[in-house]
Amino acid sequence: MRDFSYLRADTIEAARNASALPGAMLLAGGTTLVDLAKCGVAEPSTVIDISHIDGLNTIDITPERAVIGALAKMSHVADNVEVKSRFPAVSEALWQAASAQLRNMATIGGNLMQRTRCPYFRDPQNFPACNKRAPGSGCSAIGGVTRGHAVLGVSEACIATYPGDLAIALVAFDAEVHLGERKLKVEDFFLAPGATAEREHDIRPGEVITAIEIPGSAAARRSTYIKVRDRQSYEFAAASAAVGLELEADGRTIRDIRVALGGVATRPWRARAVEDTLRGKALDEHIVREACELAMQGAVDHGANHYKIALAPRVAARAILKLGETA
Amino acid sequence: MTAHDMKHAGSDSARLEAVGGRLSRVDGPAKITGAARYAFEQQLDGLTHAVLVGATIAAGKVAAIDSRAAETAPGVLAVLTPDTIMELKGASDWLGNPPAKPTYGPLAREVTYSGQHIAAVVAETFEQAVAAAGLVKVTYDETPAIVDLSDGKAGDGIPIDMMTKEWGDAQGAFAAAPVRICAAYNTPREFQAAMEPHGLIARWQGDELTIWEPSQWLDGMARTYAEWFAIPFENVRLVSPYIGGGFGSKALALAHSAVAAAAAKMLNRPVKLVLNRPQNFTSYGGRAATRQTVAIGADKDGKIQSIVHRGVNETAVDGMWVEPLGSVTSIMYATPNFSSKQNVVRVNTVVPGAKRAPGENPSAFGIESAIDELAYELGLDPLEMRLINYAEEDPQVKKPWSTRQLREAFAVGAEAFGWAKRSPAPRSMRDGRQLIGWGMAAGTYPVRRAHGEAVVKIMADGSVEVESSSIDMGQGTYTILAQTAAETLGVPVEQVSVKLGDSHFARAGVTGGSRLAGVMTGAVYKAAGQALDELIGLALSDPRSPFQKVQANTLSVKDGRIASPRGDGPDLSIAELMSAIGREKIEAKGDTMPASTTPEERYKNYTTIAMSIPHTEGNYSRHSWCAHFVEVRVDEDFGTVRVSRVVSALDSGRLYNPKLAESQWKGGIIMGIGQALLEEGIVDRRHGRIVNGNFADYMLPTNADIPDIQTISVGIPDPHSSALGGKGVGELAIVGIAPAIANAVFHATGKRVRDLPITLEKLI
Ligand SMILES: Cc1cc2nc3c(=O)[nH]c(=O)nc-3n(C[C@H](O)[C@H](O)[C@H](O)COP(=O)(O)OP(=O)(O)OC[C@H]3O[C@@H](n4cnc5c(N)ncnc54)[C@H](O)[C@@H]3O)c2cc1C
Ligand code: SF4
């Protein structure tokens, strides 16, 4: 049997201390960890159950910011009335993720830490080569089945897509992740693979995600998340966009705009070129569509994922136009 | 536990329980409360657990297996390899053909597909077996694999002459036709994807083998086990009280079944072996990938002059599967000239197998898409196109249809859907950024027939037991057999308990090809009739019977009470009569076979499919028919297709239970939506391995993908098809859904997608 020790941490302190142990992994909702353990990807020597820590599942919302505890469940955050009204994109990203059963178990902290769905990453027995799993072993995906792989932020080491939805909305609205003392932008928390595909997050041994914090803004209040996929539900994004929009008093000039893309990049992808181009412009379908194409600058496809280059800008444009219609 | 005791807990009205009544599934409460215990959920003392090790290459030889680490791992009882597993005898195939080789090794030395079983670890616990299986090190001498039909090494394959169907001068007439279309249609490798995985528990007691295994064919599988271990057929008992989905995949004893039974024998302990989800994509075959070209020539009025059809399906390097691709092509439309031929191509895969409507399903995708293309070529409405070419008799065998309510299906379906309001031009209907498309297609499935046997017992307390080794995989056997017995005997349905899924019960052939309901209602009808005759005979003749004095030559039984037809004599419950005449039970075994049938023929009938009765036997050609009308919404930017409405009119003859028939039809339609839009086994071409063998990545429709589905029965009793007038239900409705959706997508977008599934990148 694959033995591991189980340790229940009742305080953040205890969790931090224990997580510094080599081979230790935190267990929150378990929907990623147990899954990866079954695939033979995660082989923890110690499992630290943090799901019983008090006070980590709160959702605190003021006009200035939302602070969401790391143990808050995806379904609770998605259904929160304040989240829905002040950060609709966050709620929409959550309820379009996974399935109802998973959302009832999965936590916000665990959600940020979910791993790629690259099929080669998830099958060590049949595909030993994977730089993310075994640094330096190569990449089985390049030259293989790449329909779901990233076109932005890829490297020669790894082209795996960041699969999550919530983080797309978080980077759009400049959210921060709290790691105890350290706070950093969610955008900086996620790392592109570069030559070190195994490093996905800027998180250090002994650090635990305690909360995420999202600044309130007019753009966050008028925001949406559009997720496109073949199946209507329970599928990762072929491409998605979290968009926020603030218009000038004239009701058609763009004052502030946020655009982030999911399903197409190795990490949550903020499309600043699109934002910069559209800020100050009129909300016009043609202008919006053209500007959204800029999001794909530097995109590299690997055959079967080529469609994402055409698709992603359309998703972003649709989200912007949808927000415009609700003006 | 043996088979499940199926008492029905009360029904709404007397009408419900009669054959044709909308009785709810009698096994429903047990399933939704979790009380139903599936085959390998049995708890046995001393149970051990086996886990398989699969090949990580698609072609080559096993060079060496290092099992030392596994053997010494905690809890491990045995590591079985091709060298250490006991030798089995070869078993005959499902047609009864003798084995090609005298011996059989379920663990492979020669690898012909990725995932093929190489070794197995048996341990005290499941977790120990999983961990130890990970320690088995296999090295290979790898050779190049042929990964799929489009592999350069695949070639044209082997012609299957049996599949050739020709009449007239198809090539000549096609060349001469003023209007012609010719196109290629492809379907990918698809999987049955049943929720319940394959697996079993095997237990030996001396030379008697008990197998708890989900099964669509107890007698056929029992025969295979008996032959593998060279024991009498009667020594094998297969138990399968419920099946959590089979869709064609659970009719045969497979390599993993042999491994578990051999391990149990070698260890003299019961062994449980359940395939994990990825193994369920590599241990038995799904639907073979297919390629078809359909060429149709017509005159200017739309009358078809010729159909030329060529098909190819993949099969395994070491096994043969023919997916009959010309089956719908050859009968759906009247044509004076026809040619269909088929090849199979060997690729490195597990042998493909049956998945709901094998043959008819991909065949319909070809012909029903092509007819739509031809309709556009001619500027005809697709429905009109079909009516112009309506086949008044079976164009292939030139016999009349037993019944064919397809014209009615077209009319009723079109009316309910509102087809007349369709604007014909592609891209002419929209709702904002959603392009709307309406498409239609027809479907058909032959009436497959065989024989079955059933035991009906009238017990001292007046209750009735029905026993049969047929099975219920959700289609409703428990329910309709209770209805049949209740109606035939004149007892309330709550008094009937049906026991299925035990090979020691009265025999039954395979539950496949939508044949079971027709076969088994016939057998129960007969057995119950015999039991009733005996009951009435005793009532009239037994000196202790109160009816002995009644001057009647028969009695009537109604609502569980027995009386003279004129109602003037005594009126007793069956229990009172049984008590009066001092009987414990009345038992009758009925079967649908001629009395002259020999025991050998009976055995063959139940344990092979060699004695299936052709659907064109005698004077008629027998088929179920349907017409599907579908609305899709296609996002013009994203290429995503959503089915927003389905109306299907179906002719399955007489329905034994309309509620259950509708459920099966809807299930088929849902599966067809998955086939059209989502399902595809994706192969890594470098490794010949399925990379999406799990339920997160192998896409099946969710509830959110399924719209309102309206099914309308247009069937009439078909006396030539079955004893009670029914035709096949289970497989019919999936046939034609994929082309109906593809046709609707064309109408919506102007793009003709001829490769399933219709994923978004094909439309943007
Ligand atoms: C079939 C399937 C479909 C899915 N579809 C989607 C989808 O469409 N969109 C989407 O966004 N997600 C999807 N998911 C992913 C799902 O959202 C994540 O599995 C879930 O959010 C993880 O949360 P958890 O609490 O269960 O994490 P766990 O499994 O408990 O933990 C996951 C990882 O995070 C670490 N961790 C947990 N909490 C903390 C913390 N506080 N600080 C530091 N590290 C921590 C753990 O050590 C572990 O490595 C899907 C998952 C599955 C299985
Ligand atoms: S893409 Fe990344 S995760 Fe996938 S196989 Fe390559 S290195 Fe591994």
# chains A, B, ... in the order shown; residues from 1 in each chain; ligands from 1
call {"tool": "interface_residues", "arguments": {"of": "chain A", "to": "chain B", "cutoff": "6 Å", "atoms": "only C-alpha atoms", "output": "list in words"}}
result
Met1, Asn126, Gly144, Val145, Asp230, Gln232 and Tyr307 of chain A
call {"tool": "residues_around", "arguments": {"residues": "Tyr225 of chain A", "least_positions_apart": "6", "cutoff": "7 Å", "atoms": "only C-alpha atoms", "output": "list in words"}}
result
Ala89, Glu92, Ala93, Ala241, Ala242 and Val243 of chain A
call {"tool": "closest_atom_pairs", "arguments": {"of": "chain A", "to": "ligand 2", "cutoff": "6 Å", "atoms": "only C-alpha atoms and all ligand atoms", "output": "CSV"}}
result
residue,atom,partner,partner_atom_place_in_ligand_line,distance
A:Cys118,CA,ligand 2,4 (Fe),4.8
A:Tyr120,CA,ligand 2,5 (S),4.7
A:Phe121,CA,ligand 2,3 (S),4.5
A:Cys130,CA,ligand 2,8 (Fe),3.6
A:Asn131,CA,ligand 2,7 (S),4.1
A:Lys132,CA,ligand 2,7 (S),4.8
A:Cys139,CA,ligand 2,6 (Fe),3.6
A:Ser140,CA,ligand 2,5 (S),4.4
A:Ala141,CA,ligand 2,5 (S),4.6
A:Ala157,CA,ligand 2,7 (S),5.8
A:Cys158,CA,ligand 2,2 (Fe),3.7
A:Ile159,CA,ligand 2,1 (S),4.1
A:Ala160,CA,ligand 2,1 (S),4.0
call {"tool": "write_last_selection", "arguments": {"atoms": "all heavy atoms", "output": "PDB file, in the first residue's frame"}}
result
ATOM      1  N   CYS A 118      -3.790  18.509 -18.566  1.00  0.00           N
ATOM      2  CA  CYS A 118      -2.987  17.866 -19.612  1.00  0.00           C
ATOM      3  C   CYS A 118      -3.026  16.350 -19.397  1.00  0.00           C
ATOM      4  O   CYS A 118      -2.638  15.857 -18.339  1.00  0.00           O
ATOM      5  CB  CYS A 118      -1.544  18.362 -19.540  1.00  0.00           C
ATOM      6  SG  CYS A 118      -0.439  17.393 -20.602  1.00  0.00           S
ATOM      7  N   TYR A 120      -1.310  13.965 -20.409  1.00  0.00           N
ATOM      8  CA  TYR A 120      -0.004  13.310 -20.226  1.00  0.00           C
ATOM      9  C   TYR A 120       0.498  13.515 -18.800  1.00  0.00           C
ATOM     10  O   TYR A 120       1.084  12.632 -18.195  1.00  0.00           O
ATOM     11  CB  TYR A 120       0.997  13.863 -21.251  1.00  0.00           C
ATOM     12  CG  TYR A 120       0.527  13.634 -22.655  1.00  0.00           C
ATOM     13  CD1 TYR A 120      -0.146  14.631 -23.364  1.00  0.00           C
ATOM     14  CD2 TYR A 120       0.697  12.400 -23.262  1.00  0.00           C
ATOM     15  CE1 TYR A 120      -0.609  14.411 -24.648  1.00  0.00           C
ATOM     16  CE2 TYR A 120       0.228  12.168 -24.554  1.00  0.00           C
ATOM     17  CZ  TYR A 120      -0.420  13.178 -25.243  1.00  0.00           C
ATOM     18  OH  TYR A 120      -0.884  12.947 -26.503  1.00  0.00           O
ATOM     19  N   PHE A 121       0.229  14.694 -18.277  1.00  0.00           N
ATOM     20  CA  PHE A 121       0.561  14.979 -16.879  1.00  0.00           C
ATOM     21  C   PHE A 121      -0.152  14.011 -15.949  1.00  0.00           C
ATOM     22  O   PHE A 121       0.405  13.552 -14.955  1.00  0.00           O
ATOM     23  CB  PHE A 121       0.153  16.424 -16.564  1.00  0.00           C
ATOM     24  CG  PHE A 121       0.214  16.810 -15.118  1.00  0.00           C
ATOM     25  CD1 PHE A 121       1.423  17.088 -14.508  1.00  0.00           C
ATOM     26  CD2 PHE A 121      -0.959  16.897 -14.361  1.00  0.00           C
ATOM     27  CE1 PHE A 121       1.480  17.456 -13.174  1.00  0.00           C
ATOM     28  CE2 PHE A 121      -0.917  17.261 -13.033  1.00  0.00           C
ATOM     29  CZ  PHE A 121       0.313  17.536 -12.425  1.00  0.00           C
ATOM     30  N   CYS A 130       7.271  14.146 -18.604  1.00  0.00           N
ATOM     31  CA  CYS A 130       6.464  15.333 -18.329  1.00  0.00           C
ATOM     32  C   CYS A 130       7.292  16.246 -17.447  1.00  0.00           C
ATOM     33  O   CYS A 130       7.590  15.907 -16.302  1.00  0.00           O
ATOM     34  CB  CYS A 130       5.156  14.968 -17.631  1.00  0.00           C
ATOM     35  SG  CYS A 130       4.259  16.402 -17.007  1.00  0.00           S
ATOM     36  N   ASN A 131       7.665  17.380 -17.990  1.00  0.00           N
ATOM     37  CA  ASN A 131       8.523  18.301 -17.238  1.00  0.00           C
ATOM     38  C   ASN A 131       7.851  18.847 -15.982  1.00  0.00           C
ATOM     39  O   ASN A 131       8.522  19.204 -15.020  1.00  0.00           O
ATOM     40  CB  ASN A 131       8.941  19.472 -18.127  1.00  0.00           C
ATOM     41  CG  ASN A 131       9.922  19.023 -19.196  1.00  0.00           C
ATOM     42  OD1 ASN A 131      10.783  18.164 -18.932  1.00  0.00           O
ATOM     43  ND2 ASN A 131       9.807  19.578 -20.391  1.00  0.00           N
ATOM     44  N   LYS A 132       6.561  18.914 -16.023  1.00  0.00           N
ATOM     45  CA  LYS A 132       5.854  19.447 -14.854  1.00  0.00           C
ATOM     46  C   LYS A 132       5.911  18.454 -13.698  1.00  0.00           C
ATOM     47  O   LYS A 132       6.064  18.830 -12.545  1.00  0.00           O
ATOM     48  CB  LYS A 132       4.395  19.739 -15.231  1.00  0.00           C
ATOM     49  CG  LYS A 132       3.710  20.742 -14.336  1.00  0.00           C
ATOM     50  CD  LYS A 132       2.283  21.003 -14.759  1.00  0.00           C
ATOM     51  CE  LYS A 132       2.100  22.168 -15.694  1.00  0.00           C
ATOM     52  NZ  LYS A 132       2.713  23.433 -15.258  1.00  0.00           N
ATOM     53  N   CYS A 139       8.520  16.660 -22.602  1.00  0.00           N
ATOM     54  CA  CYS A 139       7.092  16.973 -22.643  1.00  0.00           C
ATOM     55  C   CYS A 139       6.416  16.010 -23.605  1.00  0.00           C
ATOM     56  O   CYS A 139       6.699  16.016 -24.792  1.00  0.00           O
ATOM     57  CB  CYS A 139       6.878  18.417 -23.101  1.00  0.00           C
ATOM     58  SG  CYS A 139       5.144  18.780 -23.456  1.00  0.00           S
ATOM     59  N   SER A 140       5.531  15.167 -23.067  1.00  0.00           N
ATOM     60  CA  SER A 140       4.835  14.195 -23.926  1.00  0.00           C
ATOM     61  C   SER A 140       3.775  14.854 -24.798  1.00  0.00           C
ATOM     62  O   SER A 140       3.368  14.303 -25.814  1.00  0.00           O
ATOM     63  CB  SER A 140       4.157  13.116 -23.068  1.00  0.00           C
ATOM     64  OG  SER A 140       5.109  12.305 -22.446  1.00  0.00           O
ATOM     65  N   ALA A 141       3.316  16.021 -24.371  1.00  0.00           N
ATOM     66  CA  ALA A 141       2.197  16.628 -25.102  1.00  0.00           C
ATOM     67  C   ALA A 141       2.638  17.167 -26.455  1.00  0.00           C
ATOM     68  O   ALA A 141       1.904  17.045 -27.438  1.00  0.00           O
ATOM     69  CB  ALA A 141       1.580  17.746 -24.269  1.00  0.00           C
ATOM     70  N   ALA A 157       9.354  23.774 -22.727  1.00  0.00           N
ATOM     71  CA  ALA A 157       9.280  22.768 -21.669  1.00  0.00           C
ATOM     72  C   ALA A 157       7.851  22.288 -21.441  1.00  0.00           C
ATOM     73  O   ALA A 157       7.630  21.124 -21.098  1.00  0.00           O
ATOM     74  CB  ALA A 157       9.838  23.332 -20.367  1.00  0.00           C
ATOM     75  N   CYS A 158       6.875  23.169 -21.641  1.00  0.00           N
ATOM     76  CA  CYS A 158       5.509  22.817 -21.243  1.00  0.00           C
ATOM     77  C   CYS A 158       4.494  23.718 -21.932  1.00  0.00           C
ATOM     78  O   CYS A 158       4.701  24.939 -22.031  1.00  0.00           O
ATOM     79  CB  CYS A 158       5.365  22.948 -19.720  1.00  0.00           C
ATOM     80  SG  CYS A 158       3.718  22.577 -19.098  1.00  0.00           S
ATOM     81  N   ILE A 159       3.421  23.115 -22.384  1.00  0.00           N
ATOM     82  CA  ILE A 159       2.348  23.882 -23.033  1.00  0.00           C
ATOM     83  C   ILE A 159       1.006  23.643 -22.339  1.00  0.00           C
ATOM     84  O   ILE A 159      -0.059  23.819 -22.925  1.00  0.00           O
ATOM     85  CB  ILE A 159       2.243  23.531 -24.534  1.00  0.00           C
ATOM     86  CG1 ILE A 159       1.990  22.023 -24.727  1.00  0.00           C
ATOM     87  CG2 ILE A 159       3.514  23.931 -25.280  1.00  0.00           C
ATOM     88  CD1 ILE A 159       1.632  21.636 -26.164  1.00  0.00           C
ATOM     89  N   ALA A 160       1.073  23.228 -21.086  1.00  0.00           N
ATOM     90  CA  ALA A 160      -0.159  22.864 -20.377  1.00  0.00           C
ATOM     91  C   ALA A 160      -1.001  24.087 -20.065  1.00  0.00           C
ATOM     92  O   ALA A 160      -0.496  25.125 -19.638  1.00  0.00           O
ATOM     93  CB  ALA A 160       0.187  22.137 -19.084  1.00  0.00           C
TER      94      ALA A 160
END
call {"tool": "residues_near_ligand", "arguments": {"ligand": "ligand 1", "cutoff": "8 Å", "atoms": "only C-alpha atoms and all ligand atoms", "output": "JSON list (two decimals) with C-alpha atoms, in the first residue's frame"}}
result
[["chain", "number", "residue", "atom", "x", "y", "z"],
["A", 25, "MET", "CA", 0.38, 18.23, 1.10],
["A", 26, "LEU", "CA", -2.62, 20.15, 2.31],
["A", 27, "LEU", "CA", -6.05, 18.63, 2.01],
["A", 28, "ALA", "CA", -8.99, 21.01, 1.77],
["A", 29, "GLY", "CA", -11.95, 19.72, -0.26],
["A", 30, "GLY", "CA", -9.79, 16.97, -1.69],
["A", 31, "THR", "CA", -11.28, 17.11, -5.17],
["A", 32, "THR", "CA", -7.90, 17.74, -6.79],
["A", 33, "LEU", "CA", -5.65, 15.98, -4.31],
["A", 34, "VAL", "CA", -7.52, 12.68, -4.10],
["A", 35, "ASP", "CA", -7.99, 12.66, -7.85],
["A", 50, "ILE", "CA", -6.95, 21.82, 6.94],
["A", 70, "ALA", "CA", -9.45, 29.95, 1.68],
["A", 71, "LEU", "CA", -11.85, 27.30, 2.98],
["A", 73, "LYS", "CA", -16.70, 26.46, -0.70],
["A", 74, "MET", "CA", -17.01, 27.27, -4.36],
["A", 93, "ALA", "CA", -16.83, 31.84, -13.10],
["A", 94, "LEU", "CA", -17.54, 29.67, -10.08],
["A", 96, "GLN", "CA", -19.73, 27.43, -14.52],
["A", 97, "ALA", "CA", -16.84, 25.44, -13.05],
["A", 98, "ALA", "CA", -16.83, 21.69, -12.43],
["A", 99, "SER", "CA", -20.15, 20.16, -11.28],
["A", 102, "LEU", "CA", -17.58, 19.22, -6.83],
["A", 103, "ARG", "CA", -18.46, 22.82, -6.07],
["A", 105, "MET", "CA", -16.81, 20.13, -1.72],
["A", 106, "ALA", "CA", -14.13, 22.27, -3.30],
["A", 107, "THR", "CA", -12.61, 25.30, -1.60],
["A", 108, "ILE", "CA", -11.37, 28.60, -2.95],
["A", 109, "GLY", "CA", -7.80, 27.94, -1.79],
["A", 110, "GLY", "CA", -7.77, 24.51, -3.38],
["A", 111, "ASN", "CA", -9.29, 25.95, -6.51],
["A", 112, "LEU", "CA", -6.33, 28.28, -7.04],
["A", 113, "MET", "CA", -4.02, 25.32, -6.60],
["A", 114, "GLN", "CA", -5.73, 22.93, -9.01],
["A", 115, "ARG", "CA", -3.42, 21.33, -11.53],
["A", 163, "PRO", "CA", -7.60, 24.97, -16.30],
["A", 164, "GLY", "CA", -9.39, 26.99, -13.62],
["A", 165, "ASP", "CA", -12.13, 29.57, -14.02],
["A", 166, "LEU", "CA", -12.14, 31.56, -10.80],
["A", 167, "ALA", "CA", -8.57, 32.77, -11.16],
["A", 179, "LEU", "CA", -0.32, 33.69, 2.25],
["A", 203, "ILE", "CA", 4.17, 29.71, -2.81],
["A", 207, "GLU", "CA", 2.95, 28.97, 3.36],
["A", 208, "VAL", "CA", -0.77, 28.40, 3.33],
["A", 209, "ILE", "CA", -3.36, 30.36, 1.38],
["A", 210, "THR", "CA", -5.59, 32.00, 3.95],
["A", 211, "ALA", "CA", -7.75, 34.24, 1.79],
["A", 234, "TYR", "CA", -19.03, 20.11, -16.50],
["A", 235, "GLU", "CA", -16.20, 20.77, -18.91],
["A", 236, "PHE", "CA", -13.11, 22.90, -18.76],
["A", 237, "ALA", "CA", -13.05, 25.96, -20.98],
["B", 695, "PHE", "CA", -15.40, 10.51, -17.52],
["B", 696, "ALA", "CA", -13.92, 14.00, -17.25]]
call {"tool": "closest_residue", "arguments": {"among": "B:Gly432, B:Gly302, B:Gly518, B:Gly379", "to": "Gly725 of chain B", "atoms": "only C-alpha atoms"}}
result
B:Gly518
call {"tool": "residues_around", "arguments": {"residues": "Val632 of chain B", "least_positions_apart": "4", "cutoff": "10 Å", "atoms": "only C-alpha atoms", "output": "compact mmCIF listing (two decimals) with C-alpha atoms, in the first residue's frame"}}
result
# COMPACT_ATOMS: atom_id res chain seq x y z
CA GLN B 434 -27.54 32.02 -32.44
CA LEU B 435 -28.06 30.43 -35.82
CA ILE B 436 -31.05 28.12 -35.75
CA GLY B 437 -31.24 24.96 -37.78
CA TRP B 438 -33.93 22.36 -38.29
CA GLY B 439 -32.92 18.94 -39.49
CA THR B 640 -20.89 25.58 -30.18
CA VAL B 641 -23.93 23.47 -31.04
CA ARG B 642 -26.79 23.00 -28.62
CA VAL B 643 -29.76 20.79 -29.39
CA SER B 644 -32.79 22.78 -28.34
CA ARG B 645 -35.66 20.53 -29.38
CA VAL B 646 -36.19 16.93 -30.44
CA ALA B 740 -30.61 14.65 -37.95
CA ILE B 741 -28.34 16.87 -35.87
CA ALA B 742 -25.70 17.15 -38.62
CA ASN B 743 -28.45 18.08 -41.07
CA ALA B 744 -29.76 20.69 -38.65
CA VAL B 745 -26.25 22.08 -38.26
CA PHE B 746 -26.01 22.42 -42.03
CA HIS B 747 -29.34 24.20 -42.11
CA ALA B 748 -28.16 26.53 -39.36
call {"tool": "closest_atom_pairs", "arguments": {"of": "segment 128-203 of chain A", "to": "segment 265-271 of chain A", "cutoff": "8 Å", "atoms": "only C-alpha atoms", "output": "Markdown table"}}
result
| residue | atom | partner | partner_atom | distance |
| --- | --- | --- | --- | --- |
| A:His149 | CA | A:Ala265 | CA | 7.9 |
| A:Ala150 | CA | A:Ala265 | CA | 4.6 |
| A:Val151 | CA | A:Ala265 | CA | 5.8 |
| A:Leu152 | CA | A:Ala265 | CA | 4.4 |
| A:Gly153 | CA | A:Thr266 | CA | 5.4 |
| A:Val154 | CA | A:Thr266 | CA | 6.1 |
| A:Ile159 | CA | A:Thr266 | CA | 6.6 |
| A:Ala160 | CA | A:Thr266 | CA | 5.7 |
| A:Thr161 | CA | A:Thr266 | CA | 4.5 |
| A:Tyr162 | CA | A:Thr266 | CA | 4.9 |
| A:Ala167 | CA | A:Pro268 | CA | 6.2 |
| A:Ile168 | CA | A:Pro268 | CA | 5.2 |
| A:Val171 | CA | A:Arg270 | CA | 6.5 |
| A:Ala172 | CA | A:Arg270 | CA | 6.2 |
| A:Glu187 | CA | A:Pro268 | CA | 7.0 |
| A:Phe190 | CA | A:Arg267 | CA | 6.0 |
| A:Leu191 | CA | A:Arg267 | CA | 6.6 |
| A:Ala192 | CA | A:Thr266 | CA | 5.9 |
| A:Pro193 | CA | A:Thr266 | CA | 7.1 |
call {"tool": "write_last_selection", "arguments": {"atoms": "N, CA, C and O atoms", "output": "short mmCIF file (atom, residue, chain, number, x, y, z; two decimals), in the first residue's frame"}}
result
data_model
loop_
_atom_site.label_atom_id
_atom_site.label_comp_id
_atom_site.auth_asym_id
_atom_site.auth_seq_id
_atom_site.Cartn_x
_atom_site.Cartn_y
_atom_site.Cartn_z
N HIS A 149 -4.51 22.21 -25.20
CA HIS A 149 -3.32 22.88 -24.68
C HIS A 149 -3.29 24.37 -25.00
O HIS A 149 -4.03 24.87 -25.82
N ALA A 150 -2.37 25.03 -24.30
CA ALA A 150 -2.32 26.48 -24.33
C ALA A 150 -1.69 27.01 -25.61
O ALA A 150 -0.88 26.33 -26.26
N VAL A 151 -2.08 28.23 -25.95
CA VAL A 151 -1.44 28.93 -27.07
C VAL A 151 -0.70 30.18 -26.59
O VAL A 151 0.07 30.76 -27.33
N LEU A 152 -0.94 30.56 -25.36
CA LEU A 152 -0.28 31.75 -24.80
C LEU A 152 0.55 31.35 -23.59
O LEU A 152 0.13 30.52 -22.78
N GLY A 153 1.74 31.97 -23.49
CA GLY A 153 2.57 31.72 -22.31
C GLY A 153 3.25 30.38 -22.32
O GLY A 153 3.68 29.89 -21.28
N VAL A 154 3.33 29.76 -23.49
CA VAL A 154 3.91 28.41 -23.55
C VAL A 154 5.43 28.50 -23.66
O VAL A 154 6.00 29.54 -23.99
N ILE A 159 3.42 23.11 -22.38
CA ILE A 159 2.35 23.88 -23.03
C ILE A 159 1.01 23.64 -22.34
O ILE A 159 -0.06 23.82 -22.92
N ALA A 160 1.07 23.23 -21.09
CA ALA A 160 -0.16 22.86 -20.38
C ALA A 160 -1.00 24.09 -20.06
O ALA A 160 -0.50 25.12 -19.64
N THR A 161 -2.29 23.94 -20.24
CA THR A 161 -3.24 25.02 -19.97
C THR A 161 -3.53 25.11 -18.47
O THR A 161 -3.72 24.09 -17.81
N TYR A 162 -3.60 26.33 -17.96
CA TYR A 162 -4.15 26.51 -16.62
C TYR A 162 -5.66 26.32 -16.75
O TYR A 162 -6.31 27.04 -17.51
N ALA A 167 -9.77 31.93 -11.12
CA ALA A 167 -8.57 32.77 -11.16
C ALA A 167 -8.58 33.72 -12.34
O ALA A 167 -7.93 34.78 -12.29
N ILE A 168 -9.32 33.40 -13.37
CA ILE A 168 -9.40 34.29 -14.53
C ILE A 168 -10.09 35.59 -14.10
O ILE A 168 -9.65 36.69 -14.41
N VAL A 171 -7.72 37.64 -11.71
CA VAL A 171 -6.66 38.47 -12.30
C VAL A 171 -7.26 39.67 -13.02
O VAL A 171 -6.64 40.74 -13.08
N ALA A 172 -8.47 39.51 -13.53
CA ALA A 172 -9.08 40.66 -14.22
C ALA A 172 -9.28 41.83 -13.26
O ALA A 172 -9.18 42.99 -13.65
N GLU A 187 -2.18 37.56 -10.15
CA GLU A 187 -1.49 37.49 -11.43
C GLU A 187 -0.02 37.08 -11.26
O GLU A 187 0.52 36.36 -12.11
N PHE A 190 0.61 33.09 -10.07
CA PHE A 190 0.70 32.03 -11.09
C PHE A 190 1.90 32.27 -11.99
O PHE A 190 2.08 33.37 -12.51
N LEU A 191 2.69 31.23 -12.19
CA LEU A 191 3.92 31.36 -12.96
C LEU A 191 3.78 30.68 -14.31
O LEU A 191 3.21 29.59 -14.41
N ALA A 192 4.31 31.32 -15.33
CA ALA A 192 4.38 30.67 -16.65
C ALA A 192 5.47 29.60 -16.58
O ALA A 192 6.38 29.70 -15.75
N PRO A 193 5.37 28.57 -17.42
CA PRO A 193 6.29 27.44 -17.24
C PRO A 193 7.76 27.79 -17.49
O PRO A 193 8.63 27.33 -16.74
#
call {"tool": "atom_distance", "arguments": {"atom1": "atom CA of Arg448 of chain B", "atom2": "atom CA of Val412 of chain B"}}
result
26.1 Å
call {"tool": "atom_distance", "arguments": {"atom1": "atom CA of Lys499 of chain B", "atom2": "atom CA of Glu467 of chain B"}}
result
4.8 Å
call {"tool": "closest_residue", "arguments": {"among": "A:Leu283, A:Ala249, A:Val315, A:Val90", "to": "Val264 of chain A", "atoms": "only C-alpha atoms"}}
result
A:Val315
call {"tool": "atom_distance", "arguments": {"atom1": "atom CA of Leu724 of chain B", "atom2": "atom CA of Ala508 of chain B"}}
result
17.9 Å
call {"tool": "select_by_dssp", "arguments": {"residues": "segment 39-175 of chain A", "states": "helix (DSSP H, G or I)", "output": "ChimeraX atom specification"}}
result
/A:39,74-79,81-86,88-95,100-105,108-112,166-172
